[in-house]
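> What follows is a structure written as structure tokens; I'll ask about it next.
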Amino acid sequence: MSFEIKALHPSNQDDFFQLFENDNFDHQREWGSCYCRFYHTNCTMDEWKRRNAMFNRADAVSAILEGSMHGFLAYENDECVGWVNASSILNYPRIFEDIPKLYRDSQIALVICFVIEERHRQQHVASRLLDHAIHYFFEQGYHAIMALPRESSVPEHNYRGFTQMYLDRGFKEVEKGIYLLKKPL
């Protein structure tokens with residue numbers, strides 16, 4: 001299958017929102033209200049649980065318009081079928097407690113969330129999005145890309161990507177659960 005990958009931009013934000021607003025979250029309904037904002041916040045879990053879909057959607061609109069939310073959309077025949085949230089690690093305050101300060105660097109990117117339209121799962125859409133993100137960040141001069149995969153027996157719960165997908169692309173585990181791909185200098 002041939003997929004076209006495009007950077008998230010105000011001109012294609014409706015495709016991003018449609019991906020979240022279609023029936024992609026039967027396995028985890030509350031994820032449909034996230035709009036990929038969870039890792040961009042540092043509010044408490046109680047505060048996060050009080051945020052509703054309308055609030056998160058409005059927050060995502062603002063972040064897209066101001067250019068603080070980045071990632072890539074996958075298209076097949078002009079239909080948006082996938083998304084990866086990927087940006088400078090400094091844009092994800094939620095994870096700061098989980099990673100050593102050594103990795104909090106503006107020249108390190110983070111690939112954190114994949115959303116794949118249900119009919120397109122198991123068709124390597126996430127792999128294509130990851131390949132594009134790797135190429136993009138190294139072209140932009142980033143020194144490394146980080147991934148934080150979690151393994152679950154429920155495939156849909158592996159929204160951060162499968163460990164093997166990262167290992168196949170040269171990522172190495174640098175600390176327990178932290179995988180890093182460094183740009184050769």
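By order of appearance in the structure tokens: chains A, B, ..., then residues from 1 within every chain, and ligands from 1 in the order shown.
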For Phe72 of chain A, list every protein, DNA or RNA residue within 8 Å, evaluated using only C-alpha atoms, and leave out those in the same chain fewer than 6 positions away; present the list as a PDB file with C-alpha atoms, in the first residue's frame.

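Contents of result-v5.pdb, freshly written:
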ATOM      1  CA  ILE A   5       2.825  11.441   4.859  1.00  0.00           C
ATOM      2  CA  LYS A   6       2.155  15.115   5.638  1.00  0.00           C
ATOM      3  CA  ALA A   7       3.157  17.284   8.580  1.00  0.00           C
ATOM      4  CA  LEU A   8       0.319  18.466  10.810  1.00  0.00           C
ATOM      5  CA  TRP A  83      -1.168  10.001  13.039  1.00  0.00           C
ATOM      6  CA  VAL A  84       2.027  10.162  15.068  1.00  0.00           C
ATOM      7  CA  ASN A  85       2.643  12.816  17.719  1.00  0.00           C
ATOM      8  CA  ALA A  86       6.308  13.765  17.295  1.00  0.00           C
ATOM      9  CA  LEU A 129       5.022   7.394  10.048  1.00  0.00           C
ATOM     10  CA  ALA A 133       9.618  11.257  11.490  1.00  0.00           C
TER      11      ALA A 133
END
> Could you give me, as an NGL selection string, each residue of segment 4-67 of chain A that DSSP assigns to strand (DSSP E or B) when run on this structure's backbone?
:A and (4-7)
> The selected residues should be written to file as a PDB file, in the first residue's frame (atoms: C-alpha atoms).

ATOM      1  CA  GLU A   4       1.488   9.837   1.680  1.00  0.00           C
ATOM      2  CA  ILE A   5       2.825  11.441   4.859  1.00  0.00           C
ATOM      3  CA  LYS A   6       2.155  15.115   5.638  1.00  0.00           C
ATOM      4  CA  ALA A   7       3.157  17.284   8.580  1.00  0.00           C
TER       5      ALA A   7
END
> Using only C-alpha atoms, which residues sit within 8 Å of Tyr39 of chain A once same-chain residues fewer than 4 positions away are excluded, as a PyMOL selection string?
chain A and resi 92-95
> According to DSSP computed on the backbone, where in segment 106-184 of chain A is there alpha helix (DSSP H)? Give the residues as an NGL selection string.
:A and (125-139 or 163-167)
> Find the residues near Arg128 of chain A: any atom within 10 Å, counting only C-alpha atoms, skip ones fewer than 6 places away on the same chain, and give them as a list of chain:residue names.
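Skipping anything fewer than 6 positions along the chain leaves A:Ser2, A:Phe3, A:Glu4, A:Ile5, A:Ala74, A:Gly82, A:Ile134.
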> Write out as a PyMOL selection string the residues lying within 12 Å of segment 33-38 of chain A, counting only C-alpha atoms and excluding same-chain residues fewer than 6 positions away.
chain A and resi 13-14+16-25+44-45+47-64+68-71+83-86+91-95+111-115+159-160
> Which of these residues is nearest to His135 of chain A, using only C-alpha atoms: A:Asp168, A:Lys183, A:Asp105, A:Asp15?
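Of A:Asp168, A:Lys183, A:Asp105, A:Asp15, the one nearest His135 of chain A, counting only C-alpha atoms, is A:Lys183.
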> Write out as an MDAnalysis selection string each polymer residue whose atoms come within 8 Å of Glu151 of chain A, counting only C-alpha atoms; drop sequence neighbours fewer than 3 positions from it.
chainID A and resid 157:158 162:163
> Store the residues picked out above, limited to C-alpha atoms, as a PDB file, in the first residue's frame.

ATOM      1  CA  HIS A 157      -2.745  -0.426  24.000  1.00  0.00           C
ATOM      2  CA  ASN A 158       0.644  -0.191  22.296  1.00  0.00           C
ATOM      3  CA  PHE A 162       6.079  -1.603  19.510  1.00  0.00           C
ATOM      4  CA  THR A 163       9.611  -1.955  20.871  1.00  0.00           C
TER       5      THR A 163
END
> Could you please determine the separation between atom CA of Gln122 of chain A and atom CA of His9 of chain A in Å, to one decimal place?
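Computing it gives 26.2 Å between the two atoms.
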> Could you name the residues that touch Arg104 of chain A at 10 Å or less, counting only C-alpha atoms, but leaving out those on the same chain fewer than 3 positions away, as a ChimeraX atom specification?
/A:88-93,95-96,99-101,107-109
> Quick one, how far is atom CA of Met165 of chain A from atom CA of Leu110 of chain A?
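So the answer is 14.8 Å.
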> Between A:Asp46, A:Tyr166, A:Glu76, A:Leu181, single out the one closest to Glu117 of chain A, counting only C-alpha atoms.
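The shortest atom-to-atom distance to Glu117 of chain A comes from A:Glu76.
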